[in-house]
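Enquirer: This is the content of structure-v8.csv (CSV, C-alpha atoms and all ligand atoms):
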chain,number,residue,atom,x,y,z
A,1,MET,CA,-210.8,145.0,57.3
A,2,LEU,CA,-209.3,146.4,60.5
A,3,ALA,CA,-206.1,148.0,59.3
A,4,PHE,CA,-203.2,148.8,61.6
A,5,PRO,CA,-200.9,151.9,61.3
A,6,ASP,CA,-198.2,151.9,58.7
A,7,GLY,CA,-194.9,150.5,60.0
A,8,PHE,CA,-196.7,148.5,62.7
A,9,LEU,CA,-194.4,145.9,64.2
A,10,TRP,CA,-195.7,142.4,64.1
A,11,GLY,CA,-193.6,139.9,65.9
A,12,ALA,CA,-193.0,137.3,68.5
A,13,ALA,CA,-191.0,137.4,71.7
A,14,THR,CA,-188.7,135.1,73.8
A,15,ALA,CA,-186.3,135.6,76.7
A,16,ALA,CA,-182.8,134.1,76.9
A,17,HIS,CA,-183.1,131.9,79.9
A,18,GLN,CA,-186.4,130.4,78.7
A,19,VAL,CA,-185.0,129.3,75.3
A,20,GLU,CA,-181.2,129.3,75.1
A,21,GLY,CA,-180.4,126.4,77.3
A,22,ASN,CA,-177.4,125.8,79.7
A,23,ASN,CA,-177.5,129.3,81.1
A,24,VAL,CA,-175.4,127.9,83.9
A,25,ASN,CA,-174.0,131.2,85.2
A,26,SER,CA,-177.4,132.8,86.1
A,27,ASN,CA,-179.1,133.0,89.4
A,28,TRP,CA,-182.1,131.1,88.1
A,29,TRP,CA,-179.9,128.1,87.2
A,30,VAL,CA,-178.8,128.1,90.8
A,31,MET,CA,-182.3,128.2,92.1
A,32,GLU,CA,-183.4,125.4,89.7
A,33,HIS,CA,-180.8,123.2,91.3
A,34,THR,CA,-181.5,124.2,94.9
A,35,PRO,CA,-183.6,121.5,96.6
A,36,GLY,CA,-186.8,122.6,98.2
A,37,LEU,CA,-187.8,125.5,96.0
A,38,PRO,CA,-191.2,125.4,94.3
A,39,ILE,CA,-189.7,124.9,90.8
A,40,ALA,CA,-191.2,122.1,88.7
A,41,GLU,CA,-188.0,121.2,86.8
A,42,PRO,CA,-184.7,122.7,85.7
A,43,SER,CA,-184.3,124.6,82.4
A,44,GLY,CA,-181.5,122.3,81.1
A,45,ASP,CA,-181.0,122.5,77.4
A,46,ALA,CA,-184.2,124.6,77.0
A,47,VAL,CA,-184.9,124.6,73.3
A,48,ASP,CA,-181.3,125.2,72.3
A,49,HIS,CA,-182.1,128.6,70.8
A,50,TYR,CA,-178.6,129.6,71.6
A,51,HIS,CA,-177.4,127.5,68.6
A,52,ARG,CA,-180.7,127.3,66.6
A,53,PHE,CA,-181.7,131.0,66.6
A,54,PRO,CA,-181.1,131.4,62.8
A,55,GLU,CA,-183.7,128.6,62.1
A,56,ASP,CA,-186.1,130.1,64.6
A,57,MET,CA,-185.8,133.6,63.2
A,58,ARG,CA,-186.3,132.3,59.7
A,59,LEU,CA,-189.5,130.5,60.6
A,60,LEU,CA,-190.9,133.8,62.0
A,61,ALA,CA,-189.8,135.8,58.9
A,62,ASP,CA,-191.0,133.2,56.4
A,63,ALA,CA,-194.4,133.2,58.1
A,64,GLY,CA,-194.7,137.0,57.5
A,65,LEU,CA,-193.7,138.6,60.8
A,66,ASN,CA,-191.5,141.7,60.7
A,67,SER,CA,-190.1,141.8,64.2
A,68,TYR,CA,-188.5,139.6,66.9
A,69,ARG,CA,-188.0,140.4,70.5
A,70,PHE,CA,-185.3,138.5,72.4
A,71,SER,CA,-183.1,139.1,75.4
A,72,ILE,CA,-179.4,139.3,76.0
A,73,GLU,CA,-178.2,137.2,79.0
A,74,TRP,CA,-176.2,139.3,81.4
A,75,ALA,CA,-174.5,136.2,82.9
A,76,ARG,CA,-173.0,135.4,79.5
A,77,VAL,CA,-171.8,138.9,78.6
A,78,GLU,CA,-170.3,139.6,82.1
A,79,PRO,CA,-169.5,136.2,83.6
A,80,GLU,CA,-167.5,137.7,86.4
A,81,PRO,CA,-167.8,141.3,87.7
A,82,GLY,CA,-166.2,143.6,85.1
A,83,VAL,CA,-165.1,140.7,82.9
A,84,VAL,CA,-166.7,141.1,79.5
A,85,SER,CA,-167.0,138.1,77.1
A,86,GLN,CA,-166.3,139.3,73.6
A,87,ALA,CA,-167.5,136.0,72.2
A,88,SER,CA,-170.9,136.5,73.9
A,89,LEU,CA,-171.1,140.0,72.5
A,90,HIS,CA,-170.4,138.6,69.0
A,91,HIS,CA,-173.0,136.0,69.5
A,92,TYR,CA,-175.7,138.6,70.3
A,93,ARG,CA,-174.6,140.8,67.5
A,94,ARG,CA,-175.0,137.8,65.2
A,95,MET,CA,-178.6,137.5,66.5
A,96,ILE,CA,-179.2,141.2,65.7
A,97,ASP,CA,-177.6,140.8,62.2
A,98,THR,CA,-179.6,137.7,61.5
A,99,CYS,CA,-182.8,139.6,62.3
A,100,LEU,CA,-181.8,142.5,60.1
A,101,ASP,CA,-180.9,140.1,57.2
A,102,LEU,CA,-184.3,138.5,57.5
A,103,GLY,CA,-186.3,141.7,57.7
A,104,LEU,CA,-187.1,141.3,61.3
A,105,GLU,CA,-186.9,144.5,63.4
A,106,PRO,CA,-184.9,143.4,66.5
A,107,VAL,CA,-186.4,144.5,69.9
A,108,VAL,CA,-183.7,143.7,72.4
A,109,THR,CA,-184.2,143.2,76.1
A,110,LEU,CA,-181.2,143.7,78.4
A,111,MET,CA,-182.5,141.9,81.5
A,112,HIS,CA,-185.3,139.5,81.5
A,113,PHE,CA,-185.6,138.4,85.2
A,114,THR,CA,-182.1,136.7,85.4
A,115,VAL,CA,-178.9,138.1,86.7
A,116,PRO,CA,-175.3,136.6,86.9
A,117,ARG,CA,-174.5,134.4,89.9
A,118,TRP,CA,-172.0,137.0,91.1
A,119,MET,CA,-174.7,139.7,91.1
A,120,ASN,CA,-176.9,137.5,93.2
A,121,ALA,CA,-174.1,136.8,95.6
A,122,ALA,CA,-173.3,140.5,95.8
A,123,GLY,CA,-176.8,141.3,97.1
A,124,PHE,CA,-178.9,141.1,94.0
A,125,TRP,CA,-180.9,144.3,93.4
A,126,ARG,CA,-180.4,145.1,97.1
A,127,ASN,CA,-176.8,145.9,96.5
A,128,PRO,CA,-176.6,149.7,96.7
A,129,ALA,CA,-174.3,149.6,93.6
A,130,ALA,CA,-176.9,147.7,91.5
A,131,PRO,CA,-177.9,150.7,89.3
A,132,GLU,CA,-174.2,151.3,88.6
A,133,LEU,CA,-173.6,147.6,87.9
A,134,PHE,CA,-176.5,147.6,85.4
A,135,ALA,CA,-175.2,150.8,83.8
A,136,ARG,CA,-171.8,149.2,83.4
A,137,TYR,CA,-173.4,146.1,81.8
A,138,THR,CA,-175.3,148.5,79.5
A,139,GLU,CA,-172.0,150.2,78.5
A,140,ALA,CA,-170.5,146.8,77.7
A,141,LEU,CA,-173.3,146.3,75.2
A,142,LEU,CA,-172.9,149.6,73.4
A,143,PRO,CA,-170.5,148.2,70.8
A,144,ILE,CA,-173.3,145.9,69.6
A,145,LEU,CA,-176.4,148.1,70.0
A,146,GLY,CA,-175.7,150.7,67.4
A,147,ASP,CA,-176.3,150.1,63.7
A,148,GLY,CA,-179.8,148.8,63.1
A,149,VAL,CA,-181.1,148.4,66.7
A,150,ARG,CA,-184.0,150.9,67.2
A,151,TYR,CA,-185.7,149.4,70.2
A,152,VAL,CA,-184.2,148.4,73.5
A,153,CYS,CA,-186.2,147.2,76.6
A,154,THR,CA,-183.9,147.8,79.6
A,155,ILE,CA,-185.7,145.7,82.2
A,156,ASN,CA,-188.5,143.1,81.7
A,157,GLU,CA,-191.4,143.4,84.1
A,158,PRO,CA,-189.8,145.2,87.0
A,159,ASN,CA,-193.1,144.9,88.8
A,160,ILE,CA,-193.1,141.1,88.6
A,161,ALA,CA,-189.4,141.0,89.4
A,162,ALA,CA,-190.0,143.1,92.6
A,163,MET,CA,-192.7,140.6,93.6
A,164,LEU,CA,-190.4,137.6,92.8
A,165,ALA,CA,-187.9,139.2,95.1
A,166,GLY,CA,-190.4,139.5,97.9
A,167,GLY,CA,-190.2,136.0,99.3
A,168,GLU,CA,-190.3,132.3,98.3
A,169,LYS,CA,-193.9,131.9,97.1
A,170,ALA,CA,-193.3,132.1,93.3
A,171,ASP,CA,-195.2,129.2,91.8
A,172,ASN,CA,-196.9,131.2,89.1
A,173,LEU,CA,-196.2,134.6,87.5
A,174,VAL,CA,-199.6,136.1,88.4
A,175,ALA,CA,-200.5,138.3,91.3
A,176,ASN,CA,-202.0,135.4,93.3
A,177,GLY,CA,-199.0,133.2,93.0
A,178,LEU,CA,-196.5,135.9,93.9
A,179,PRO,CA,-195.3,137.3,97.2
A,180,ASN,CA,-195.7,141.0,98.1
A,181,PRO,CA,-193.3,143.2,96.3
A,182,ASP,CA,-190.0,144.2,97.8
A,183,LEU,CA,-190.2,148.0,97.4
A,184,GLY,CA,-186.5,148.5,97.9
A,185,VAL,CA,-186.0,146.2,94.9
A,186,ALA,CA,-188.6,148.2,93.0
A,187,ASP,CA,-186.7,151.5,93.7
A,188,ALA,CA,-183.4,149.8,92.6
A,189,LEU,CA,-184.9,148.6,89.4
A,190,LEU,CA,-186.2,152.0,88.6
A,191,ALA,CA,-182.8,153.6,89.3
A,192,SER,CA,-181.2,150.9,87.1
A,193,HIS,CA,-183.6,151.5,84.3
A,194,ARG,CA,-182.9,155.2,84.4
A,195,ARG,CA,-179.1,154.8,84.5
A,196,SER,CA,-179.3,152.3,81.6
A,197,ARG,CA,-181.4,154.8,79.6
A,198,GLU,CA,-178.8,157.5,80.2
A,199,VAL,CA,-176.1,155.2,78.8
A,200,LEU,CA,-178.3,154.2,75.8
A,201,ALA,CA,-178.9,157.8,75.0
A,202,SER,CA,-175.5,158.0,73.4
A,203,VAL,CA,-176.6,155.6,70.6
A,204,PRO,CA,-178.2,157.5,67.7
A,205,ASP,CA,-181.8,156.6,66.7
A,206,LEU,CA,-182.2,154.2,69.6
A,207,GLN,CA,-185.4,154.2,71.6
A,208,SER,CA,-185.5,152.7,75.0
A,209,GLY,CA,-188.1,151.8,77.6
A,210,TRP,CA,-189.0,149.1,80.1
A,211,THR,CA,-191.8,146.6,79.9
A,212,ILE,CA,-194.5,146.3,82.5
A,213,ALA,CA,-196.9,143.4,83.3
A,214,THR,CA,-200.2,145.2,83.2
A,215,GLN,CA,-202.3,142.9,85.4
A,216,ASP,CA,-205.8,144.2,84.7
A,217,PHE,CA,-206.9,144.3,88.3
A,218,MET,CA,-210.7,144.6,88.5
A,219,PRO,CA,-213.0,145.3,91.5
A,220,THR,CA,-215.8,143.1,92.5
A,221,ASP,CA,-219.3,144.6,93.5
A,222,GLU,CA,-218.5,144.2,97.2
A,223,PRO,CA,-218.2,147.4,99.2
A,224,GLY,CA,-214.5,148.2,99.8
A,225,SER,CA,-213.2,146.4,96.8
A,226,LEU,CA,-212.4,149.5,94.8
A,227,GLU,CA,-210.4,151.0,97.7
A,228,LYS,CA,-208.6,147.7,98.2
A,229,LEU,CA,-207.9,147.6,94.4
A,230,ARG,CA,-206.3,151.0,94.5
A,231,GLU,CA,-204.1,150.1,97.5
A,232,TYR,CA,-203.2,146.7,96.1
A,233,GLY,CA,-202.7,147.7,92.5
A,234,TYR,CA,-200.7,150.8,92.9
A,235,PRO,CA,-197.4,149.3,94.0
A,236,ARG,CA,-197.8,146.3,91.7
A,237,ASP,CA,-198.8,148.1,88.5
A,238,ASP,CA,-199.7,151.8,88.3
A,239,TRP,CA,-196.5,153.1,90.0
A,240,TYR,CA,-194.4,151.6,87.2
A,241,LEU,CA,-196.6,153.0,84.5
A,242,GLU,CA,-196.4,156.5,86.1
A,243,GLN,CA,-192.6,156.1,86.2
A,244,SER,CA,-192.6,155.4,82.4
A,245,ALA,CA,-193.6,159.0,81.6
A,246,GLY,CA,-190.9,160.5,79.5
A,247,ASP,CA,-189.4,157.2,78.2
A,248,ASP,CA,-189.4,156.7,74.5
A,249,PHE,CA,-192.0,153.9,74.8
A,250,VAL,CA,-193.4,151.6,77.4
A,251,GLY,CA,-193.8,147.9,76.8
A,252,VAL,CA,-197.3,146.5,77.8
A,253,GLN,CA,-197.4,142.8,78.7
A,254,ALA,CA,-200.7,141.3,79.4
A,255,TYR,CA,-202.4,137.9,79.6
A,256,THR,CA,-205.3,137.9,82.0
A,257,ARG,CA,-207.2,139.8,84.7
A,258,THR,CA,-207.3,139.5,88.4
A,259,PHE,CA,-210.3,140.4,90.5
A,260,VAL,CA,-209.6,142.2,93.8
A,261,GLY,CA,-212.2,142.0,96.6
A,262,PRO,CA,-212.2,143.9,99.9
A,263,GLU,CA,-209.7,141.4,101.3
A,264,GLY,CA,-207.3,141.4,98.3
A,265,PRO,CA,-206.8,139.4,95.1
A,266,LEU,CA,-209.2,136.6,94.4
A,267,PRO,CA,-208.8,133.2,92.6
A,268,VAL,CA,-210.3,132.9,89.1
A,269,PRO,CA,-214.1,133.0,89.3
A,270,GLU,CA,-215.8,129.6,89.4
A,271,GLY,CA,-216.7,128.3,85.9
A,272,ALA,CA,-214.4,130.7,84.0
A,273,GLU,CA,-212.4,129.1,81.2
A,274,THR,CA,-208.7,128.8,82.3
A,275,THR,CA,-205.5,128.2,80.4
A,276,LEU,CA,-202.6,125.9,81.1
A,277,THR,CA,-201.1,128.4,83.6
A,278,GLY,CA,-204.5,128.4,85.5
A,279,TRP,CA,-205.2,132.0,84.4
A,280,GLU,CA,-208.6,133.1,83.2
A,281,TYR,CA,-209.0,133.2,79.4
A,282,PHE,CA,-209.4,137.0,79.0
A,283,PRO,CA,-208.3,138.3,75.7
A,284,ARG,CA,-209.2,142.0,76.5
A,285,ALA,CA,-206.2,142.1,78.9
A,286,ALA,CA,-203.8,143.7,76.4
A,287,ALA,CA,-206.2,146.4,75.3
A,288,ASP,CA,-207.0,147.2,79.0
A,289,GLY,CA,-203.3,147.3,79.7
A,290,ILE,CA,-202.7,149.7,76.8
A,291,ARG,CA,-205.4,152.1,78.0
A,292,SER,CA,-204.1,152.0,81.5
A,293,ALA,CA,-200.4,152.5,80.4
A,294,TRP,CA,-201.4,155.4,78.1
A,295,GLU,CA,-203.3,157.2,80.8
A,296,LYS,CA,-200.9,156.6,83.7
A,297,SER,CA,-197.7,157.2,81.7
A,298,GLY,CA,-199.0,160.5,80.4
A,299,ARG,CA,-199.3,159.3,76.8
A,300,THR,CA,-196.1,157.5,76.3
A,301,PRO,CA,-196.0,155.5,73.0
A,302,ILE,CA,-196.8,151.8,73.5
A,303,LEU,CA,-195.4,148.6,72.2
A,304,VAL,CA,-197.2,145.4,73.2
A,305,THR,CA,-194.1,143.5,74.0
A,306,GLU,CA,-195.9,140.3,75.3
A,307,ASN,CA,-199.4,138.9,74.9
A,308,GLY,CA,-200.4,135.3,74.5
A,309,ILE,CA,-201.9,132.1,76.0
A,310,ALA,CA,-200.6,128.8,77.4
A,311,THR,CA,-202.8,126.2,75.7
A,312,ALA,CA,-202.4,122.8,74.0
A,313,ASP,CA,-205.3,123.8,71.7
A,314,ASP,CA,-203.8,126.0,69.0
A,315,GLN,CA,-207.2,127.1,67.6
A,316,ARG,CA,-207.8,128.6,71.1
A,317,ARG,CA,-204.5,130.5,70.7
A,318,ILE,CA,-205.8,131.9,67.4
A,319,ASP,CA,-209.2,132.8,69.0
A,320,TYR,CA,-207.4,134.5,71.9
A,321,THR,CA,-205.0,136.5,69.6
A,322,ASP,CA,-207.8,137.5,67.2
A,323,ALA,CA,-209.9,138.8,70.0
A,324,SER,CA,-207.0,140.5,71.6
A,325,LEU,CA,-206.0,142.2,68.4
A,326,ARG,CA,-209.6,143.4,67.8
A,327,ALA,CA,-209.6,145.0,71.2
A,328,ILE,CA,-206.1,146.5,70.6
A,329,HIS,CA,-207.4,147.9,67.3
A,330,GLU,CA,-210.1,149.8,69.2
A,331,THR,CA,-207.5,151.5,71.3
A,332,ILE,CA,-205.7,152.6,68.2
A,333,SER,CA,-209.0,153.9,66.7
A,334,ASP,CA,-209.4,155.9,69.9
A,335,GLY,CA,-206.1,157.7,69.2
A,336,ILE,CA,-203.7,155.7,71.4
A,337,ASP,CA,-200.2,155.5,69.9
A,338,VAL,CA,-199.6,151.7,69.7
A,339,ARG,CA,-196.5,150.8,67.7
A,340,GLY,CA,-196.5,147.1,67.5
A,341,TYR,CA,-197.6,143.7,68.8
A,342,LEU,CA,-195.1,141.0,69.8
A,343,HIS,CA,-196.8,137.7,70.7
A,344,TRP,CA,-195.6,135.6,73.6
A,345,SER,CA,-194.0,133.4,72.6
A,346,ALA,CA,-192.2,132.4,69.5
A,347,LEU,CA,-191.5,128.9,70.9
A,348,ASP,CA,-192.8,126.6,73.5
A,349,ASN,CA,-190.3,127.3,76.3
A,350,TYR,CA,-189.3,127.2,79.9
A,351,GLU,CA,-192.1,128.8,81.9
A,352,TRP,CA,-190.0,129.5,84.9
A,353,ALA,CA,-191.2,127.7,88.1
A,354,SER,CA,-193.9,125.9,86.1
A,355,GLY,CA,-191.3,124.2,83.8
A,356,TYR,CA,-192.1,123.1,80.3
A,357,ARG,CA,-195.7,122.1,80.8
A,358,PRO,CA,-197.5,125.4,79.9
A,359,THR,CA,-197.0,125.9,76.1
A,360,PHE,CA,-197.2,129.5,74.9
A,361,GLY,CA,-195.4,129.0,71.6
A,362,LEU,CA,-196.3,129.6,68.0
A,363,ILE,CA,-193.8,126.9,67.3
A,364,GLU,CA,-193.6,123.5,69.0
A,365,VAL,CA,-190.3,122.0,69.9
A,366,ASP,CA,-189.4,118.4,70.4
A,367,ARG,CA,-187.1,118.7,73.4
A,368,ALA,CA,-185.2,115.5,72.6
A,369,THR,CA,-184.4,116.2,69.0
A,370,PHE,CA,-184.9,120.0,69.1
A,371,ALA,CA,-187.0,119.7,65.8
A,372,ARG,CA,-189.2,122.7,65.3
A,373,ALA,CA,-192.9,122.4,64.2
A,374,PRO,CA,-194.6,125.7,63.4
A,375,LYS,CA,-198.2,125.7,64.6
A,376,PRO,CA,-201.2,127.0,62.5
A,377,SER,CA,-201.2,130.0,64.8
A,378,LEU,CA,-197.8,131.1,63.4
A,379,ALA,CA,-199.2,131.1,59.9
A,380,TRP,CA,-202.3,132.9,61.0
A,381,LEU,CA,-200.4,135.7,62.8
A,382,GLY,CA,-198.0,135.9,59.8
A,383,ALA,CA,-200.9,136.4,57.4
A,384,VAL,CA,-202.3,139.2,59.6
A,385,ALA,CA,-198.8,140.8,59.6
A,386,ARG,CA,-198.5,140.6,55.8
A,387,ARG,CA,-201.9,142.3,55.4
A,388,ASN,CA,-201.2,144.7,58.3
A,389,ALA,CA,-204.9,144.1,59.0
A,390,LEU,CA,-207.4,141.8,60.5
B,1,LIG,C1,-192.7,137.1,81.4
B,1,LIG,C2,-192.4,135.8,80.6
B,1,LIG,C3,-193.3,134.7,80.9
B,1,LIG,C4,-194.7,135.1,80.5
B,1,LIG,C5,-195.8,134.1,80.8
B,1,LIG,C6,-194.2,137.3,81.5
B,1,LIG,O1,-194.5,137.4,82.9
B,1,LIG,O2,-192.1,138.2,80.9
B,1,LIG,O3,-191.0,135.5,80.9
B,1,LIG,O4,-193.0,133.5,80.3
B,1,LIG,O5,-195.1,136.3,81.2
B,1,LIG,O6,-195.9,133.8,82.2
In structure tokens, what does this structure look like?
Ligand code: BGC

Expert:
Amino acid sequence: MLAFPDGFLWGAATAAHQVEGNNVNSNWWVMEHTPGLPIAEPSGDAVDHYHRFPEDMRLLADAGLNSYRFSIEWARVEPEPGVVSQASLHHYRRMIDTCLDLGLEPVVTLMHFTVPRWMNAAGFWRNPAAPELFARYTEALLPILGDGVRYVCTINEPNIAAMLAGGEKADNLVANGLPNPDLGVADALLASHRRSREVLASVPDLQSGWTIATQDFMPTDEPGSLEKLREYGYPRDDWYLEQSAGDDFVGVQAYTRTFVGPEGPLPVPEGAETTLTGWEYFPRAAADGIRSAWEKSGRTPILVTENGIATADDQRRIDYTDASLRAIHETISDGIDVRGYLHWSALDNYEWASGYRPTFGLIEVDRATFARAPKPSLAWLGAVARRNAL
């Protein structure tokens, strides 16, 4: 038996825009309906998690999980600048209360890639006031974040968000499919994260951090590739981990690796097994991300806030997760403070520009009837959670 530490969080994760449906006031909805952008299909009703969250949370809890990570949609809470929707706040508090009632530790993300339309029109993260606007949004959430919420992720994957902001090539959320990062946006996201943490510090017993996509860049044997990797990887990965020093925790989100040669990032090696997102099947990615985050952040406690695989073969999802957890267990045995594992994703959902085709979920959803069908991988992960051991 490979036992995990007492109190280890075992859960699954989602993001509002990918599951709620009809998130019409967000910048992503606007992009989905702008002709000519490389977006496979619009999010539409998504999987109607906005209304069906109690059923979804119950499936996770009944399987044996003890945690659920979800995000609050800024565009719903603050539909116009400074206008706060009390009904939306109540909605998200109901989500928190439902988690608590079911024995699921809520891990709440404040911003998962999407911003309100007005924020986009006002210059997006390039608006010099962006950190203050994000702090004001965080303040608006204070009435619902006390009382039972122990973990808040301010910003999801600022490193991917800065790359998404870098231009129009955004067909896949992996280094190769993304433009070069907009470093001004990176600075604004860091300032916003820090301001948000200052606001959150007023809530007793609340721990906050941001979540980083650790991309597991690896050099090839060619001369010059290690130098290139350092230059390429630093502004896309390491810088964010360094900036996490002093936070209560850092979220590690990992799926695959990317080789970097002397000229830059390389496509998946010939013959390697790939997933429905076209990424290499590489279950050690999370453990590598943990080691890198621990070292670069100066030993900041770690929560694995996302890890998973897009596949139509659920046995392959179990294989991937099993191998990933074994490697994560090694990092814990080596003394790294890993507090939990939140699988991406609870539900098959809207995979951004790739649409609904890549299925990351532990639960399948019929998008016409919204009927849920838990996959064997959910029962498998739930059993690991109940034993707190592999
Ligand atoms: C994001 C998720 C996304 C997942 C798979 C992460 O980059 O936080 O929103 O669905 O990876 O691509």

Enquirer: Could you please determine the separation between CA of Arg136 (chain A) and CA of Ser192 (chain A) in Å, to one decimal place?

Expert: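 Distance between the two atoms: 10.2 Å.
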
Enquirer: Considering all atoms listed in the file, state which residue in the set A:Gly308, A:Pro179, A:Pro81, A:Pro131 is at the smallest distance from ligand LIG 1 (chain B).

Expert: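 Between A:Gly308, A:Pro179, A:Pro81, A:Pro131, the residue approaching ligand LIG 1 (chain B) most closely is A:Gly308.
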
Enquirer: What lies within 6 Å of region 7-18 of chain A using only C-alpha atoms, ignoring chain neighbours under 6 positions off, as a ChimeraX atom specification?

Expert: /A:65-71,73,339-346,349-350,385

Enquirer: Take the residues from that selection and put them in a file with C-alpha atoms, as a PDB file, in the frame of the given file.

Expert:
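New file part-v2.pdb:
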ATOM      1  CA  LEU A  65    -193.700 138.600  60.800  1.00  0.00           C
ATOM      2  CA  ASN A  66    -191.500 141.700  60.700  1.00  0.00           C
ATOM      3  CA  SER A  67    -190.100 141.800  64.200  1.00  0.00           C
ATOM      4  CA  TYR A  68    -188.500 139.600  66.900  1.00  0.00           C
ATOM      5  CA  ARG A  69    -188.000 140.400  70.500  1.00  0.00           C
ATOM      6  CA  PHE A  70    -185.300 138.500  72.400  1.00  0.00           C
ATOM      7  CA  SER A  71    -183.100 139.100  75.400  1.00  0.00           C
ATOM      8  CA  GLU A  73    -178.200 137.200  79.000  1.00  0.00           C
ATOM      9  CA  ARG A 339    -196.500 150.800  67.700  1.00  0.00           C
ATOM     10  CA  GLY A 340    -196.500 147.100  67.500  1.00  0.00           C
ATOM     11  CA  TYR A 341    -197.600 143.700  68.800  1.00  0.00           C
ATOM     12  CA  LEU A 342    -195.100 141.000  69.800  1.00  0.00           C
ATOM     13  CA  HIS A 343    -196.800 137.700  70.700  1.00  0.00           C
ATOM     14  CA  TRP A 344    -195.600 135.600  73.600  1.00  0.00           C
ATOM     15  CA  SER A 345    -194.000 133.400  72.600  1.00  0.00           C
ATOM     16  CA  ALA A 346    -192.200 132.400  69.500  1.00  0.00           C
ATOM     17  CA  ASN A 349    -190.300 127.300  76.300  1.00  0.00           C
ATOM     18  CA  TYR A 350    -189.300 127.200  79.900  1.00  0.00           C
ATOM     19  CA  ALA A 385    -198.800 140.800  59.600  1.00  0.00           C
TER      20      ALA A 385
END

Enquirer: Around ligand LIG 1 (chain B), at most 10 Å away and counting all atoms listed in the file, which residues are there? Put them as a PDB file with C-alpha atoms, in the coordinates of the input, please.

Expert:
ATOM      1  CA  ALA A  13    -191.000 137.400  71.700  1.00  0.00           C
ATOM      2  CA  THR A  14    -188.700 135.100  73.800  1.00  0.00           C
ATOM      3  CA  ALA A  15    -186.300 135.600  76.700  1.00  0.00           C
ATOM      4  CA  ALA A  16    -182.800 134.100  76.900  1.00  0.00           C
ATOM      5  CA  HIS A  17    -183.100 131.900  79.900  1.00  0.00           C
ATOM      6  CA  GLN A  18    -186.400 130.400  78.700  1.00  0.00           C
ATOM      7  CA  HIS A 112    -185.300 139.500  81.500  1.00  0.00           C
ATOM      8  CA  PHE A 113    -185.600 138.400  85.200  1.00  0.00           C
ATOM      9  CA  ILE A 155    -185.700 145.700  82.200  1.00  0.00           C
ATOM     10  CA  ASN A 156    -188.500 143.100  81.700  1.00  0.00           C
ATOM     11  CA  GLU A 157    -191.400 143.400  84.100  1.00  0.00           C
ATOM     12  CA  PRO A 158    -189.800 145.200  87.000  1.00  0.00           C
ATOM     13  CA  ASN A 159    -193.100 144.900  88.800  1.00  0.00           C
ATOM     14  CA  ILE A 160    -193.100 141.100  88.600  1.00  0.00           C
ATOM     15  CA  ALA A 161    -189.400 141.000  89.400  1.00  0.00           C
ATOM     16  CA  ASN A 172    -196.900 131.200  89.100  1.00  0.00           C
ATOM     17  CA  LEU A 173    -196.200 134.600  87.500  1.00  0.00           C
ATOM     18  CA  VAL A 174    -199.600 136.100  88.400  1.00  0.00           C
ATOM     19  CA  THR A 211    -191.800 146.600  79.900  1.00  0.00           C
ATOM     20  CA  ILE A 212    -194.500 146.300  82.500  1.00  0.00           C
ATOM     21  CA  ALA A 213    -196.900 143.400  83.300  1.00  0.00           C
ATOM     22  CA  THR A 214    -200.200 145.200  83.200  1.00  0.00           C
ATOM     23  CA  GLN A 215    -202.300 142.900  85.400  1.00  0.00           C
ATOM     24  CA  GLN A 253    -197.400 142.800  78.700  1.00  0.00           C
ATOM     25  CA  ALA A 254    -200.700 141.300  79.400  1.00  0.00           C
ATOM     26  CA  TYR A 255    -202.400 137.900  79.600  1.00  0.00           C
ATOM     27  CA  THR A 277    -201.100 128.400  83.600  1.00  0.00           C
ATOM     28  CA  TRP A 279    -205.200 132.000  84.400  1.00  0.00           C
ATOM     29  CA  THR A 305    -194.100 143.500  74.000  1.00  0.00           C
ATOM     30  CA  GLU A 306    -195.900 140.300  75.300  1.00  0.00           C
ATOM     31  CA  ASN A 307    -199.400 138.900  74.900  1.00  0.00           C
ATOM     32  CA  GLY A 308    -200.400 135.300  74.500  1.00  0.00           C
ATOM     33  CA  ILE A 309    -201.900 132.100  76.000  1.00  0.00           C
ATOM     34  CA  ALA A 310    -200.600 128.800  77.400  1.00  0.00           C
ATOM     35  CA  TRP A 344    -195.600 135.600  73.600  1.00  0.00           C
ATOM     36  CA  SER A 345    -194.000 133.400  72.600  1.00  0.00           C
ATOM     37  CA  ASP A 348    -192.800 126.600  73.500  1.00  0.00           C
ATOM     38  CA  ASN A 349    -190.300 127.300  76.300  1.00  0.00           C
ATOM     39  CA  TYR A 350    -189.300 127.200  79.900  1.00  0.00           C
ATOM     40  CA  GLU A 351    -192.100 128.800  81.900  1.00  0.00           C
ATOM     41  CA  TRP A 352    -190.000 129.500  84.900  1.00  0.00           C
ATOM     42  CA  ALA A 353    -191.200 127.700  88.100  1.00  0.00           C
ATOM     43  CA  SER A 354    -193.900 125.900  86.100  1.00  0.00           C
ATOM     44  CA  PRO A 358    -197.500 125.400  79.900  1.00  0.00           C
ATOM     45  CA  THR A 359    -197.000 125.900  76.100  1.00  0.00           C
ATOM     46  CA  PHE A 360    -197.200 129.500  74.900  1.00  0.00           C
TER      47      PHE A 360
END

Enquirer: If we count all atoms listed in the file and set the cut-off at 12 Å, which residues sit around Asp366 (chain A), ignoring sequence neighbours fewer than 3 positions away in its own chain? Please answer as a tab-separated table (two decimals) with C-alpha atoms, keeping the file's coordinate frame.

Expert:
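Output file part.tsv is given in full below:
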chain	number	residue	atom	x	y	z
A	45	ASP	CA	-181.00	122.50	77.40
A	46	ALA	CA	-184.20	124.60	77.00
A	47	VAL	CA	-184.90	124.60	73.30
A	48	ASP	CA	-181.30	125.20	72.30
A	347	LEU	CA	-191.50	128.90	70.90
A	348	ASP	CA	-192.80	126.60	73.50
A	349	ASN	CA	-190.30	127.30	76.30
A	356	TYR	CA	-192.10	123.10	80.30
A	363	ILE	CA	-193.80	126.90	67.30
A	369	THR	CA	-184.40	116.20	69.00
A	370	PHE	CA	-184.90	120.00	69.10
A	371	ALA	CA	-187.00	119.70	65.80
A	372	ARG	CA	-189.20	122.70	65.30
A	373	ALA	CA	-192.90	122.40	64.20
A	374	PRO	CA	-194.60	125.70	63.40
